[in-house]
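Participant: Below is target.cif; it holds mmCIF, C-alpha atoms.
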```
data_protein
loop_
_atom_site.group_PDB
_atom_site.id
_atom_site.type_symbol
_atom_site.label_atom_id
_atom_site.label_comp_id
_atom_site.auth_asym_id
_atom_site.auth_seq_id
_atom_site.Cartn_x
_atom_site.Cartn_y
_atom_site.Cartn_z
ATOM 1 C CA MET A 60 27.064 -3.344 -4.937
ATOM 2 C CA ALA A 61 26.765 -6.904 -3.642
ATOM 3 C CA ASP A 62 24.531 -5.697 -0.830
ATOM 4 C CA ALA A 63 22.247 -3.909 -3.301
ATOM 5 C CA ALA A 64 22.092 -7.021 -5.517
ATOM 6 C CA SER A 65 21.103 -9.209 -2.558
ATOM 7 C CA GLN A 66 18.406 -6.688 -1.589
ATOM 8 C CA VAL A 67 17.047 -6.748 -5.151
ATOM 9 C CA LEU A 68 16.917 -10.557 -5.208
ATOM 10 C CA LEU A 69 15.300 -10.781 -1.786
ATOM 11 C CA GLY A 70 12.826 -8.014 -2.594
ATOM 12 C CA SER A 71 11.897 -9.629 -5.915
ATOM 13 C CA GLY A 72 11.274 -12.963 -4.211
ATOM 14 C CA LEU A 73 9.036 -11.376 -1.584
ATOM 15 C CA THR A 74 7.197 -9.424 -4.276
ATOM 16 C CA ILE A 75 6.391 -12.593 -6.211
ATOM 17 C CA LEU A 76 5.220 -14.409 -3.079
ATOM 18 C CA SER A 77 3.064 -11.506 -1.908
ATOM 19 C CA GLN A 78 1.512 -10.695 -5.296
ATOM 20 C CA PRO A 79 -1.779 -12.617 -4.707
ATOM 21 C CA PHE A 80 -2.206 -10.845 -1.345
ATOM 22 C CA MET A 81 -1.549 -7.474 -2.965
ATOM 23 C CA TYR A 82 -4.002 -8.248 -5.778
ATOM 24 C CA VAL A 83 -6.827 -9.104 -3.383
ATOM 25 C CA LYS A 84 -6.030 -6.109 -1.185
ATOM 26 C CA VAL A 85 -6.216 -3.647 -4.092
ATOM 27 C CA LEU A 86 -9.578 -4.999 -5.289
ATOM 28 C CA ILE A 87 -10.948 -4.694 -1.750
ATOM 29 C CA GLN A 88 -9.556 -1.162 -1.445
ATOM 30 C CA VAL A 89 -11.500 0.020 -4.492
ATOM 31 C CA GLY A 90 -14.641 -1.488 -2.942
ATOM 32 C CA TYR A 91 -15.099 -4.444 -5.271
ATOM 33 C CA GLU A 92 -17.004 -7.224 -3.513
ATOM 34 C CA PRO A 93 -17.983 -9.954 -6.011
ATOM 35 C CA LEU A 94 -19.114 -12.376 -3.301
ATOM 36 C CA PRO A 95 -22.100 -11.898 -0.973
ATOM 37 C CA PRO A 96 -21.591 -11.468 2.789
ATOM 38 C CA THR A 97 -21.947 -14.527 4.999
ATOM 39 C CA ILE A 98 -22.815 -15.102 8.627
ATOM 40 C CA GLY A 99 -19.719 -15.911 10.637
ATOM 41 C CA ARG A 100 -18.029 -15.277 13.953
ATOM 42 C CA ASN A 101 -15.430 -12.678 14.848
ATOM 43 C CA ILE A 102 -12.300 -13.281 16.940
ATOM 44 C CA PHE A 103 -14.415 -13.018 20.099
ATOM 45 C CA GLY A 104 -16.852 -15.678 18.936
ATOM 46 C CA ARG A 105 -19.702 -13.229 18.363
ATOM 47 C CA GLN A 106 -21.952 -13.843 15.342
ATOM 48 C CA VAL A 107 -21.560 -11.129 12.700
ATOM 49 C CA CYS A 108 -22.225 -10.548 9.017
ATOM 50 C CA GLN A 109 -18.837 -10.881 7.297
ATOM 51 C CA LEU A 110 -17.438 -10.167 3.870
ATOM 52 C CA PRO A 111 -15.323 -12.950 2.285
ATOM 53 C CA GLY A 112 -11.724 -13.115 3.476
ATOM 54 C CA LEU A 113 -8.458 -13.421 1.591
ATOM 55 C CA PHE A 114 -8.669 -17.096 0.646
ATOM 56 C CA CYS A 115 -12.292 -16.999 -0.550
ATOM 57 C CA TYR A 116 -11.527 -13.894 -2.576
ATOM 58 C CA ALA A 117 -8.393 -15.428 -4.113
ATOM 59 C CA GLN A 118 -10.290 -18.614 -4.909
ATOM 60 C CA HIS A 119 -12.911 -16.567 -6.741
ATOM 61 C CA ILE A 120 -10.223 -14.861 -8.862
ATOM 62 C CA ALA A 121 -8.565 -18.208 -9.614
ATOM 63 C CA SER A 122 -11.900 -19.726 -10.654
ATOM 64 C CA ILE A 123 -12.222 -17.054 -13.371
ATOM 65 C CA ASP A 124 -8.650 -16.363 -14.506
ATOM 66 C CA GLY A 125 -6.880 -19.441 -13.160
ATOM 67 C CA LYS A 126 -4.045 -19.450 -10.627
ATOM 68 C CA ARG A 127 -1.910 -17.477 -13.044
ATOM 69 C CA GLY A 128 -4.470 -14.697 -12.836
ATOM 70 C CA LEU A 129 -3.500 -14.118 -9.204
ATOM 71 C CA PHE A 130 -0.213 -12.675 -10.475
ATOM 72 C CA THR A 131 -1.767 -9.954 -12.629
ATOM 73 C CA GLY A 132 0.317 -6.779 -12.450
ATOM 74 C CA LEU A 133 3.460 -8.606 -11.330
ATOM 75 C CA THR A 134 5.756 -7.283 -14.092
ATOM 76 C CA PRO A 135 5.358 -3.537 -13.382
ATOM 77 C CA ARG A 136 5.459 -4.267 -9.641
ATOM 78 C CA LEU A 137 8.770 -6.113 -10.042
ATOM 79 C CA CYS A 138 10.134 -3.207 -12.091
ATOM 80 C CA SER A 139 9.021 -0.819 -9.359
ATOM 81 C CA GLY A 140 10.656 -2.894 -6.644
ATOM 82 C CA VAL A 141 13.991 -3.348 -8.436
ATOM 83 C CA LEU A 142 14.247 0.280 -9.511
ATOM 84 C CA GLY A 143 13.167 1.511 -6.077
ATOM 85 C CA THR A 144 15.814 -0.591 -4.312
ATOM 86 C CA VAL A 145 18.573 0.646 -6.618
ATOM 87 C CA VAL A 146 17.560 4.313 -6.292
ATOM 88 C CA HIS A 147 17.149 4.056 -2.507
ATOM 89 C CA SER A 148 20.586 2.440 -2.064
ATOM 90 C CA GLN A 149 22.274 4.916 -4.380
ATOM 91 C CA VAL A 150 20.805 7.958 -2.626
ATOM 92 C CA LEU A 151 21.839 6.625 0.782
ATOM 93 C CA GLN A 152 25.317 5.899 -0.534
ATOM 94 C CA ASP A 153 25.665 9.367 -2.014
ATOM 95 C CA SER A 154 24.485 10.970 1.226
ATOM 96 C CA GLY A 155 27.093 9.060 3.249
ATOM 97 C CA ILE A 156 24.613 7.417 5.585
ATOM 98 C CA GLY A 157 26.788 4.293 5.800
ATOM 99 C CA SER A 158 29.517 6.093 7.733
ATOM 100 C CA PHE A 159 26.860 7.935 9.712
ATOM 101 C CA HIS A 160 25.516 4.605 11.018
ATOM 102 C CA ARG A 161 28.907 3.816 12.565
ATOM 103 C CA GLU A 162 28.766 6.781 14.897
ATOM 104 C CA ALA A 163 28.465 5.808 18.536
ATOM 105 C CA SER A 164 26.145 8.636 19.462
ATOM 106 C CA CYS A 165 22.478 7.761 20.024
ATOM 107 C CA SER A 166 21.201 11.289 20.538
ATOM 108 C CA PHE A 167 17.907 12.565 19.196
ATOM 109 C CA ASP A 168 19.945 14.798 16.869
ATOM 110 C CA ARG A 169 21.327 11.668 15.228
ATOM 111 C CA VAL A 170 17.801 10.265 14.871
ATOM 112 C CA ILE A 171 16.698 13.467 13.131
ATOM 113 C CA LYS A 172 19.640 13.422 10.710
ATOM 114 C CA GLU A 173 19.297 9.715 9.986
ATOM 115 C CA THR A 174 15.530 9.973 9.458
ATOM 116 C CA THR A 175 15.977 12.991 7.177
ATOM 117 C CA ARG A 176 18.402 11.116 4.945
ATOM 118 C CA GLU A 177 16.180 8.049 4.894
ATOM 119 C CA MET A 178 13.214 10.282 4.026
ATOM 120 C CA ILE A 179 15.098 11.758 1.072
ATOM 121 C CA ALA A 180 16.083 8.288 -0.167
ATOM 122 C CA ARG A 181 12.552 6.897 0.155
ATOM 123 C CA SER A 182 10.974 9.935 -1.458
ATOM 124 C CA ALA A 183 13.354 9.718 -4.408
ATOM 125 C CA ALA A 184 12.601 6.012 -4.847
ATOM 126 C CA THR A 185 8.842 6.635 -4.601
ATOM 127 C CA LEU A 186 8.986 9.478 -7.128
ATOM 128 C CA ILE A 187 10.928 7.394 -9.666
ATOM 129 C CA THR A 188 8.849 4.225 -9.283
ATOM 130 C CA HIS A 189 5.362 5.710 -8.976
ATOM 131 C CA PRO A 190 4.538 5.346 -12.715
ATOM 132 C CA PHE A 191 5.070 1.582 -12.384
ATOM 133 C CA HIS A 192 2.899 1.595 -9.256
ATOM 134 C CA VAL A 193 0.075 3.279 -11.189
ATOM 135 C CA ILE A 194 0.320 0.710 -13.994
ATOM 136 C CA THR A 195 0.294 -2.118 -11.443
ATOM 137 C CA LEU A 196 -2.899 -0.875 -9.802
ATOM 138 C CA ARG A 197 -4.696 -0.273 -13.076
ATOM 139 C CA SER A 198 -3.706 -3.694 -14.373
ATOM 140 C CA MET A 199 -5.255 -5.240 -11.280
ATOM 141 C CA ILE A 200 -8.597 -3.446 -11.261
ATOM 142 C CA GLN A 201 -9.222 -4.491 -14.863
ATOM 143 C CA PHE A 202 -10.556 -7.671 -13.299
ATOM 144 C CA ILE A 203 -13.695 -5.782 -12.258
ATOM 145 C CA GLY A 204 -14.843 -4.863 -15.768
ATOM 146 C CA ARG A 205 -12.977 -7.670 -17.551
ATOM 147 C CA GLU A 206 -11.042 -5.090 -19.580
ATOM 148 C CA SER A 207 -7.667 -5.402 -21.286
ATOM 149 C CA LYS A 208 -6.656 -1.756 -21.527
ATOM 150 C CA TYR A 209 -3.518 -2.060 -19.383
ATOM 151 C CA CYS A 210 -1.991 -5.422 -20.313
ATOM 152 C CA GLY A 211 1.583 -4.949 -21.514
ATOM 153 C CA LEU A 212 4.015 -2.614 -19.768
ATOM 154 C CA CYS A 213 4.908 -0.659 -22.921
ATOM 155 C CA ASP A 214 1.293 -0.474 -24.089
ATOM 156 C CA SER A 215 0.239 0.801 -20.648
ATOM 157 C CA ILE A 216 2.855 3.550 -20.752
ATOM 158 C CA VAL A 217 1.660 4.650 -24.206
ATOM 159 C CA THR A 218 -2.004 4.551 -23.114
ATOM 160 C CA ILE A 219 -1.465 6.676 -20.012
ATOM 161 C CA TYR A 220 0.667 9.232 -21.853
ATOM 162 C CA ARG A 221 -1.817 9.491 -24.734
ATOM 163 C CA GLU A 222 -4.884 9.917 -22.514
ATOM 164 C CA GLU A 223 -3.542 11.788 -19.468
ATOM 165 C CA GLY A 224 -0.105 13.105 -20.340
ATOM 166 C CA LEU A 225 2.842 12.981 -17.930
ATOM 167 C CA LEU A 226 0.658 13.835 -14.930
ATOM 168 C CA GLY A 227 -1.196 10.561 -15.392
ATOM 169 C CA PHE A 228 1.909 8.640 -14.314
ATOM 170 C CA PHE A 229 1.858 10.453 -10.964
ATOM 171 C CA SER A 230 -1.801 10.058 -10.024
ATOM 172 C CA GLY A 231 -2.040 9.582 -6.261
ATOM 173 C CA LEU A 232 1.600 10.532 -5.652
ATOM 174 C CA ILE A 233 1.027 13.256 -3.033
ATOM 175 C CA PRO A 234 -0.874 11.151 -0.442
ATOM 176 C CA ARG A 235 1.591 8.298 -0.988
ATOM 177 C CA LEU A 236 4.570 10.559 -0.295
ATOM 178 C CA LEU A 237 2.870 12.113 2.724
ATOM 179 C CA GLY A 238 2.011 8.706 4.134
ATOM 180 C CA ASP A 239 5.583 7.433 3.717
ATOM 181 C CA ILE A 240 7.098 10.532 5.322
ATOM 182 C CA ILE A 241 4.693 10.633 8.289
ATOM 183 C CA SER A 242 5.077 6.890 8.865
ATOM 184 C CA LEU A 243 8.882 7.112 8.807
ATOM 185 C CA TRP A 244 9.097 10.033 11.252
ATOM 186 C CA LEU A 245 6.490 8.531 13.544
ATOM 187 C CA CYS A 246 8.206 5.136 13.562
ATOM 188 C CA ASN A 247 11.716 6.442 14.245
ATOM 189 C CA SER A 248 10.568 8.970 16.854
ATOM 190 C CA LEU A 249 8.536 6.414 18.793
ATOM 191 C CA ALA A 250 11.362 3.881 18.576
ATOM 192 C CA TYR A 251 13.806 6.446 19.961
ATOM 193 C CA LEU A 252 11.490 7.298 22.865
ATOM 194 C CA VAL A 253 10.896 3.635 23.699
ATOM 195 C CA ASN A 254 14.580 2.684 23.444
ATOM 196 C CA THR A 255 15.710 5.712 25.473
ATOM 197 C CA TYR A 256 13.124 5.957 28.230
ATOM 198 C CA ALA A 257 11.268 2.630 28.396
ATOM 199 C CA LEU A 258 14.020 0.022 27.998
ATOM 200 C CA ASP A 259 16.671 -0.658 30.604
ATOM 201 C CA SER A 260 20.128 -0.233 29.081
ATOM 202 C CA GLY A 261 21.527 -2.754 31.520
ATOM 203 C CA VAL A 262 19.554 -5.650 30.107
ATOM 204 C CA SER A 263 21.745 -8.218 28.317
ATOM 205 C CA THR A 264 19.267 -8.552 25.451
ATOM 206 C CA MET A 265 19.129 -4.800 24.839
ATOM 207 C CA ASN A 266 19.924 -4.984 21.116
ATOM 208 C CA GLU A 267 17.250 -7.607 20.492
ATOM 209 C CA MET A 268 14.672 -5.600 22.428
ATOM 210 C CA LYS A 269 15.501 -2.489 20.423
ATOM 211 C CA SER A 270 14.991 -4.343 17.152
ATOM 212 C CA TYR A 271 11.622 -5.571 18.411
ATOM 213 C CA SER A 272 10.605 -2.060 19.440
ATOM 214 C CA GLN A 273 11.498 -0.792 15.963
ATOM 215 C CA ALA A 274 9.276 -3.454 14.403
ATOM 216 C CA VAL A 275 6.380 -2.708 16.768
ATOM 217 C CA THR A 276 6.552 1.054 16.257
ATOM 218 C CA GLY A 277 6.808 0.496 12.498
ATOM 219 C CA PHE A 278 3.626 -1.583 12.541
ATOM 220 C CA PHE A 279 1.874 1.024 14.670
ATOM 221 C CA ALA A 280 2.950 3.839 12.342
ATOM 222 C CA SER A 281 1.794 1.942 9.252
ATOM 223 C CA MET A 282 -1.619 1.389 10.836
ATOM 224 C CA LEU A 283 -2.018 5.102 11.576
ATOM 225 C CA THR A 284 -0.975 6.162 8.076
ATOM 226 C CA TYR A 285 -2.967 3.505 6.205
ATOM 227 C CA PRO A 286 -5.600 6.055 5.034
ATOM 228 C CA PHE A 287 -2.884 7.739 2.953
ATOM 229 C CA VAL A 288 -2.163 4.412 1.236
ATOM 230 C CA LEU A 289 -5.858 3.858 0.541
ATOM 231 C CA VAL A 290 -6.423 7.359 -0.831
ATOM 232 C CA SER A 291 -3.282 7.155 -2.984
ATOM 233 C CA ASN A 292 -4.365 3.877 -4.565
ATOM 234 C CA LEU A 293 -7.887 5.141 -5.200
ATOM 235 C CA MET A 294 -6.607 8.320 -6.858
ATOM 236 C CA ALA A 295 -4.200 6.285 -9.024
ATOM 237 C CA VAL A 296 -7.127 4.434 -10.622
ATOM 238 C CA ASN A 297 -9.839 7.098 -10.426
ATOM 239 C CA ASN A 298 -11.393 8.103 -13.746
ATOM 240 C CA CYS A 299 -8.795 6.172 -15.764
ATOM 241 C CA GLY A 300 -11.273 4.688 -18.220
ATOM 242 C CA LEU A 301 -11.776 1.433 -16.301
ATOM 243 C CA ALA A 302 -15.005 0.239 -14.683
ATOM 244 C CA GLY A 303 -13.286 -0.104 -11.305
ATOM 245 C CA GLY A 304 -12.348 3.579 -11.301
ATOM 246 C CA SER A 305 -15.667 4.949 -12.521
ATOM 247 C CA PRO A 306 -19.292 5.109 -11.279
ATOM 248 C CA PRO A 307 -21.132 3.141 -10.037
ATOM 249 C CA TYR A 308 -18.170 1.238 -8.588
ATOM 250 C CA SER A 309 -16.282 4.373 -7.648
ATOM 251 C CA PRO A 310 -17.249 8.072 -7.475
ATOM 252 C CA LEU A 311 -15.180 10.582 -9.426
ATOM 253 C CA TYR A 312 -12.980 12.563 -7.040
ATOM 254 C CA THR A 313 -11.858 16.108 -7.779
ATOM 255 C CA SER A 314 -8.716 15.744 -5.647
ATOM 256 C CA TRP A 315 -7.147 13.436 -3.098
ATOM 257 C CA ILE A 316 -8.544 15.647 -0.322
ATOM 258 C CA ASP A 317 -12.043 15.171 -1.752
ATOM 259 C CA CYS A 318 -11.409 11.415 -1.786
ATOM 260 C CA TRP A 319 -10.221 11.553 1.842
ATOM 261 C CA TYR A 320 -13.312 13.446 3.038
ATOM 262 C CA MET A 321 -15.687 11.163 1.160
ATOM 263 C CA LEU A 322 -14.109 8.001 2.585
ATOM 264 C CA GLN A 323 -14.153 9.548 6.048
ATOM 265 C CA LYS A 324 -17.815 10.455 5.679
ATOM 266 C CA GLU A 325 -18.658 6.886 4.623
ATOM 267 C CA GLY A 326 -16.586 5.350 7.411
ATOM 268 C CA ASN A 327 -14.352 3.546 4.896
ATOM 269 C CA MET A 328 -10.930 4.919 5.878
ATOM 270 C CA SER A 329 -9.693 1.439 6.828
ATOM 271 C CA ARG A 330 -11.172 -0.425 3.852
ATOM 272 C CA GLY A 331 -8.756 -3.146 2.787
ATOM 273 C CA ASN A 332 -6.594 -2.826 5.890
ATOM 274 C CA SER A 333 -7.680 -6.267 7.067
ATOM 275 C CA LEU A 334 -8.050 -9.304 4.823
ATOM 276 C CA PHE A 335 -9.688 -11.426 7.512
ATOM 277 C CA PHE A 336 -12.748 -10.984 9.789
ATOM 278 C CA ARG A 337 -14.124 -8.317 7.457
ATOM 279 C CA LYS A 338 -17.299 -7.112 9.104
ATOM 280 C CA VAL A 339 -19.961 -5.489 6.912
ATOM 281 C CA PRO A 340 -20.547 -1.888 8.105
ATOM 282 C CA CYS A 341 -24.200 -1.014 8.618
ATOM 283 C CA GLY A 342 -25.803 0.982 5.813
ATOM 284 C CA LYS A 343 -22.860 0.618 3.415
ATOM 285 C CA SER A 344 -23.255 -0.308 -0.256
ATOM 286 C CA TYR A 345 -20.701 -2.574 -1.896
ATOM 287 C CA CYS A 346 -20.070 -3.588 -5.451
ATOM 288 C CA TYR A 347 -21.889 -6.858 -4.901
ATOM 289 C CA ASP A 348 -25.072 -4.821 -4.481
ATOM 290 C CA LEU A 349 -24.204 -2.382 -7.282
ATOM 291 C CA ARG A 350 -23.493 -5.157 -9.765
ATOM 292 C CA MET A 351 -27.106 -6.311 -9.555
ATOM 293 C CA LEU A 352 -28.272 -2.806 -10.478
ATOM 294 C CA ILE A 353 -26.270 -2.617 -13.697
#
```
Any chance you could give the structure as structure tokens?
Facilitator:
Amino acid sequence: MADAASQVLLGSGLTILSQPFMYVKVLIQVGYEPLPPTIGRNIFGRQVCQLPGLFCYAQHIASIDGKRGLFTGLTPRLCSGVLGTVVHSQVLQDSGIGSFHREASCSFDRVIKETTREMIARSAATLITHPFHVITLRSMIQFIGRESKYCGLCDSIVTIYREEGLLGFFSGLIPRLLGDIISLWLCNSLAYLVNTYALDSGVSTMNEMKSYSQAVTGFFASMLTYPFVLVSNLMAVNNCGLAGGSPPYSPLYTSWIDCWYMLQKEGNMSRGNSLFFRKVPCGKSYCYDLRMLI
């Protein structure tokens, strides 16, 4: 119980600190570019046409809504984080994974069992908290059309249920679940292979090296599965009655697969993955251009 409480407090603190980053990232993911591209240099010093980075974007939001505006959507995101941590811990506790961790065996069979239990816990937490995730995203993209449809948590719940029914709370759930599951299996499998065959067990810093390999493989897995995150977020806000989820800012997708294919066709599968050195793809239209047509 104490461990779960400490995880909730730590997670809540990180959520509050990262909220402005999340806000900017979501607006970029939906393709909203309120500032024109500028001429800059990439990490190699080559001159390129760049879209504004994190700090310019955040400054633009603050200039309109104030610094407090950077924390739009924080309440449902905090609810999602707290509830997700509690559900995740409870499922792991009920499945007995704590005693399983104390086993000395490091076989691939153990990795499979451990990953399966972690997958069940994460999936349960994602399923329970996804309605709050949807409300968070919709609260954020209201900035695009200056709407106030999803302001309070209770009002947002009533609005979604009235307009879309129960299914509205789970918009974008399937690609999010798939992304989490693929990322988890990929991360743990790669970490096992690296720790077993690439690292020397005789090294005195073996435990530290294993923790580093887990972090590296986790980052690699998250990069590969980022398109699932992007598609999930786009489907959560698509055709929800907000300007940011409707034409001309966003096309109307028939399914998450349709969204995936369209993004792939446009070359936008990594949109929002980087908040710095954002190069403008050739021939792509952004909301900065579309806004002048409205």
Participant: Mind telling me what the PyMOL selection byres ((chain A and resi 120-133) around 10) catches here, as a PyMOL selection string?
Facilitator: chain A and resi 74-83+93+114-119+134-139+191-192+194-202+209-212
Participant: Quick one: write out the picked residues with C-alpha atoms as a compact mmCIF listing (two decimals), keeping the file's coordinate frame?
Facilitator:
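Written output follows (again.txt):
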```
# COMPACT_ATOMS: atom_id res chain seq x y z
CA THR A 74 7.20 -9.42 -4.28
CA ILE A 75 6.39 -12.59 -6.21
CA LEU A 76 5.22 -14.41 -3.08
CA SER A 77 3.06 -11.51 -1.91
CA GLN A 78 1.51 -10.70 -5.30
CA PRO A 79 -1.78 -12.62 -4.71
CA PHE A 80 -2.21 -10.84 -1.34
CA MET A 81 -1.55 -7.47 -2.96
CA TYR A 82 -4.00 -8.25 -5.78
CA VAL A 83 -6.83 -9.10 -3.38
CA PRO A 93 -17.98 -9.95 -6.01
CA PHE A 114 -8.67 -17.10 0.65
CA CYS A 115 -12.29 -17.00 -0.55
CA TYR A 116 -11.53 -13.89 -2.58
CA ALA A 117 -8.39 -15.43 -4.11
CA GLN A 118 -10.29 -18.61 -4.91
CA HIS A 119 -12.91 -16.57 -6.74
CA THR A 134 5.76 -7.28 -14.09
CA PRO A 135 5.36 -3.54 -13.38
CA ARG A 136 5.46 -4.27 -9.64
CA LEU A 137 8.77 -6.11 -10.04
CA CYS A 138 10.13 -3.21 -12.09
CA SER A 139 9.02 -0.82 -9.36
CA PHE A 191 5.07 1.58 -12.38
CA HIS A 192 2.90 1.60 -9.26
CA ILE A 194 0.32 0.71 -13.99
CA THR A 195 0.29 -2.12 -11.44
CA LEU A 196 -2.90 -0.88 -9.80
CA ARG A 197 -4.70 -0.27 -13.08
CA SER A 198 -3.71 -3.69 -14.37
CA MET A 199 -5.26 -5.24 -11.28
CA ILE A 200 -8.60 -3.45 -11.26
CA GLN A 201 -9.22 -4.49 -14.86
CA PHE A 202 -10.56 -7.67 -13.30
CA TYR A 209 -3.52 -2.06 -19.38
CA CYS A 210 -1.99 -5.42 -20.31
CA GLY A 211 1.58 -4.95 -21.51
CA LEU A 212 4.01 -2.61 -19.77
```
Participant: If I put a ball of radius 8 Å at (-16.4, 1.6, -5.1) in the file's coordinates, which residues poke into it when counting all atoms listed in the file, written as an mmCIF file with C-alpha atoms, in the coordinates of the input?
Facilitator:
```cif
data_model
loop_
_atom_site.group_PDB
_atom_site.id
_atom_site.type_symbol
_atom_site.label_atom_id
_atom_site.label_comp_id
_atom_site.auth_asym_id
_atom_site.auth_seq_id
_atom_site.Cartn_x
_atom_site.Cartn_y
_atom_site.Cartn_z
ATOM 1 C CA VAL A 89 -11.500 0.020 -4.492
ATOM 2 C CA GLY A 90 -14.641 -1.488 -2.942
ATOM 3 C CA TYR A 91 -15.099 -4.444 -5.271
ATOM 4 C CA GLY A 303 -13.286 -0.104 -11.305
ATOM 5 C CA GLY A 304 -12.348 3.579 -11.301
ATOM 6 C CA PRO A 306 -19.292 5.109 -11.279
ATOM 7 C CA PRO A 307 -21.132 3.141 -10.037
ATOM 8 C CA TYR A 308 -18.170 1.238 -8.588
ATOM 9 C CA SER A 309 -16.282 4.373 -7.648
ATOM 10 C CA PRO A 310 -17.249 8.072 -7.475
ATOM 11 C CA TYR A 345 -20.701 -2.574 -1.896
ATOM 12 C CA CYS A 346 -20.070 -3.588 -5.451
#
```
Participant: Using all atoms listed in the file, which of the listed residues (A:Val253, A:Leu232, A:Ala183, A:Cys299) sits closest to Gly143 in chain A?
Facilitator: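 Ranking A:Val253, A:Leu232, A:Ala183, A:Cys299 by distance to Gly143 in chain A, first place goes to A:Ala183.
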Participant: Quick one: distance from CA of Val145 in chain A to CA of Cys213 in chain A in Å, one decimal?
Facilitator: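 Separation of CA of Val145 in chain A and CA of Cys213 in chain A: 21.3 Å.
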Participant: For this file, the PyMOL selection byres ((chain A and resi 67) around 9) selects which residues, as a PDB file with C-alpha atoms, in the frame of the given file?
Facilitator:
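Below is the file that was written, selection_16.pdb:
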```
ATOM      1  CA  ASP A  62      24.531  -5.697  -0.830  1.00  0.00           C
ATOM      2  CA  ALA A  63      22.247  -3.909  -3.301  1.00  0.00           C
ATOM      3  CA  ALA A  64      22.092  -7.021  -5.517  1.00  0.00           C
ATOM      4  CA  SER A  65      21.103  -9.209  -2.558  1.00  0.00           C
ATOM      5  CA  GLN A  66      18.406  -6.688  -1.589  1.00  0.00           C
ATOM      6  CA  LEU A  68      16.917 -10.557  -5.208  1.00  0.00           C
ATOM      7  CA  LEU A  69      15.300 -10.781  -1.786  1.00  0.00           C
ATOM      8  CA  GLY A  70      12.826  -8.014  -2.594  1.00  0.00           C
ATOM      9  CA  SER A  71      11.897  -9.629  -5.915  1.00  0.00           C
ATOM     10  CA  GLY A  72      11.274 -12.963  -4.211  1.00  0.00           C
ATOM     11  CA  GLY A 140      10.656  -2.894  -6.644  1.00  0.00           C
ATOM     12  CA  VAL A 141      13.991  -3.348  -8.436  1.00  0.00           C
ATOM     13  CA  LEU A 142      14.247   0.280  -9.511  1.00  0.00           C
ATOM     14  CA  THR A 144      15.814  -0.591  -4.312  1.00  0.00           C
ATOM     15  CA  VAL A 145      18.573   0.646  -6.618  1.00  0.00           C
TER      16      VAL A 145
END
```
Participant: Which residue is closest to Pro286 in chain A? Choose from A:Ala250, A:Arg100, A:Ala274, A:Leu237 and count all atoms listed in the file.
Facilitator: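 Nearest to Pro286 in chain A: A:Leu237.
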Participant: Within 9 Å of Lys84 in chain A, counting all atoms listed in the file, which residues show up once you throw out same-chain ones fewer than 6 positions away? Write them as a ChimeraX atom specification, please.
Facilitator: /A:113,331-334
Participant: Give me, as a Markdown table, the closest atom pair and its distance (Å, one decimal) for every residue of range 220-306 of chain A within a cut-off of 8 Å of range 166-175 of chain A, counting only C-alpha atoms, rows sorted by chain and rising number.
Facilitator:
```
| residue | atom | partner | partner_atom | distance |
| --- | --- | --- | --- | --- |
| A:Leu243 | CA | A:Thr174 | CA | 7.3 |
| A:Trp244 | CA | A:Thr174 | CA | 6.7 |
| A:Asn247 | CA | A:Thr174 | CA | 7.1 |
| A:Ser248 | CA | A:Val170 | CA | 7.6 |
| A:Tyr251 | CA | A:Phe167 | CA | 7.4 |
```
Participant: Name the residues in contact with Thr313 in chain A at a cut-off of 12 Å, using only C-alpha atoms, excluding same-chain residues fewer than 3 positions from it; report them as a PyMOL selection string.
Facilitator: chain A and resi 230-231+293-294+297-298+310+316-321
Participant: With 6 Å added on each side, what axis-aligned box encloses every listed atom of range 75-92 of chain A? Give the centre and edge lengths in Å to one decimal, as AutoDock Vina command-line options.
Facilitator:
```
--center_x -5.3 --center_y -7.2 --center_z -3.7 --size_x 35.4 --size_y 26.4 --size_z 17.0
```
Participant: CA of Gln149 in chain A and CA of Ser182 in chain A, how far apart in Å?
Facilitator: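 Interatomic distance here is 12.7 Å.
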Participant: Have a look at A:Leu151, A:Val296, A:Ile98, A:Ala280 and name the one nearest to Pro190 in chain A; count only C-alpha atoms.
Facilitator: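 With only C-alpha atoms as the atom set, the closest residue is A:Val296.
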Participant: What does the structure give for the distance between CA of Val288 in chain A and CA of Leu86 in chain A, in Å to one decimal?
Facilitator: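 For CA of Val288 in chain A relative to CA of Leu86 in chain A, the distance reads 13.6 Å.
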Participant: The residues within 12 Å of (-11.7, 10.2, -19.8), using all atoms listed in the file and the coordinates of the file, should be reported as an MDAnalysis selection string; which are they?
Facilitator: chainID A and resid 218:219 221:224 227 296:302 304:305 311
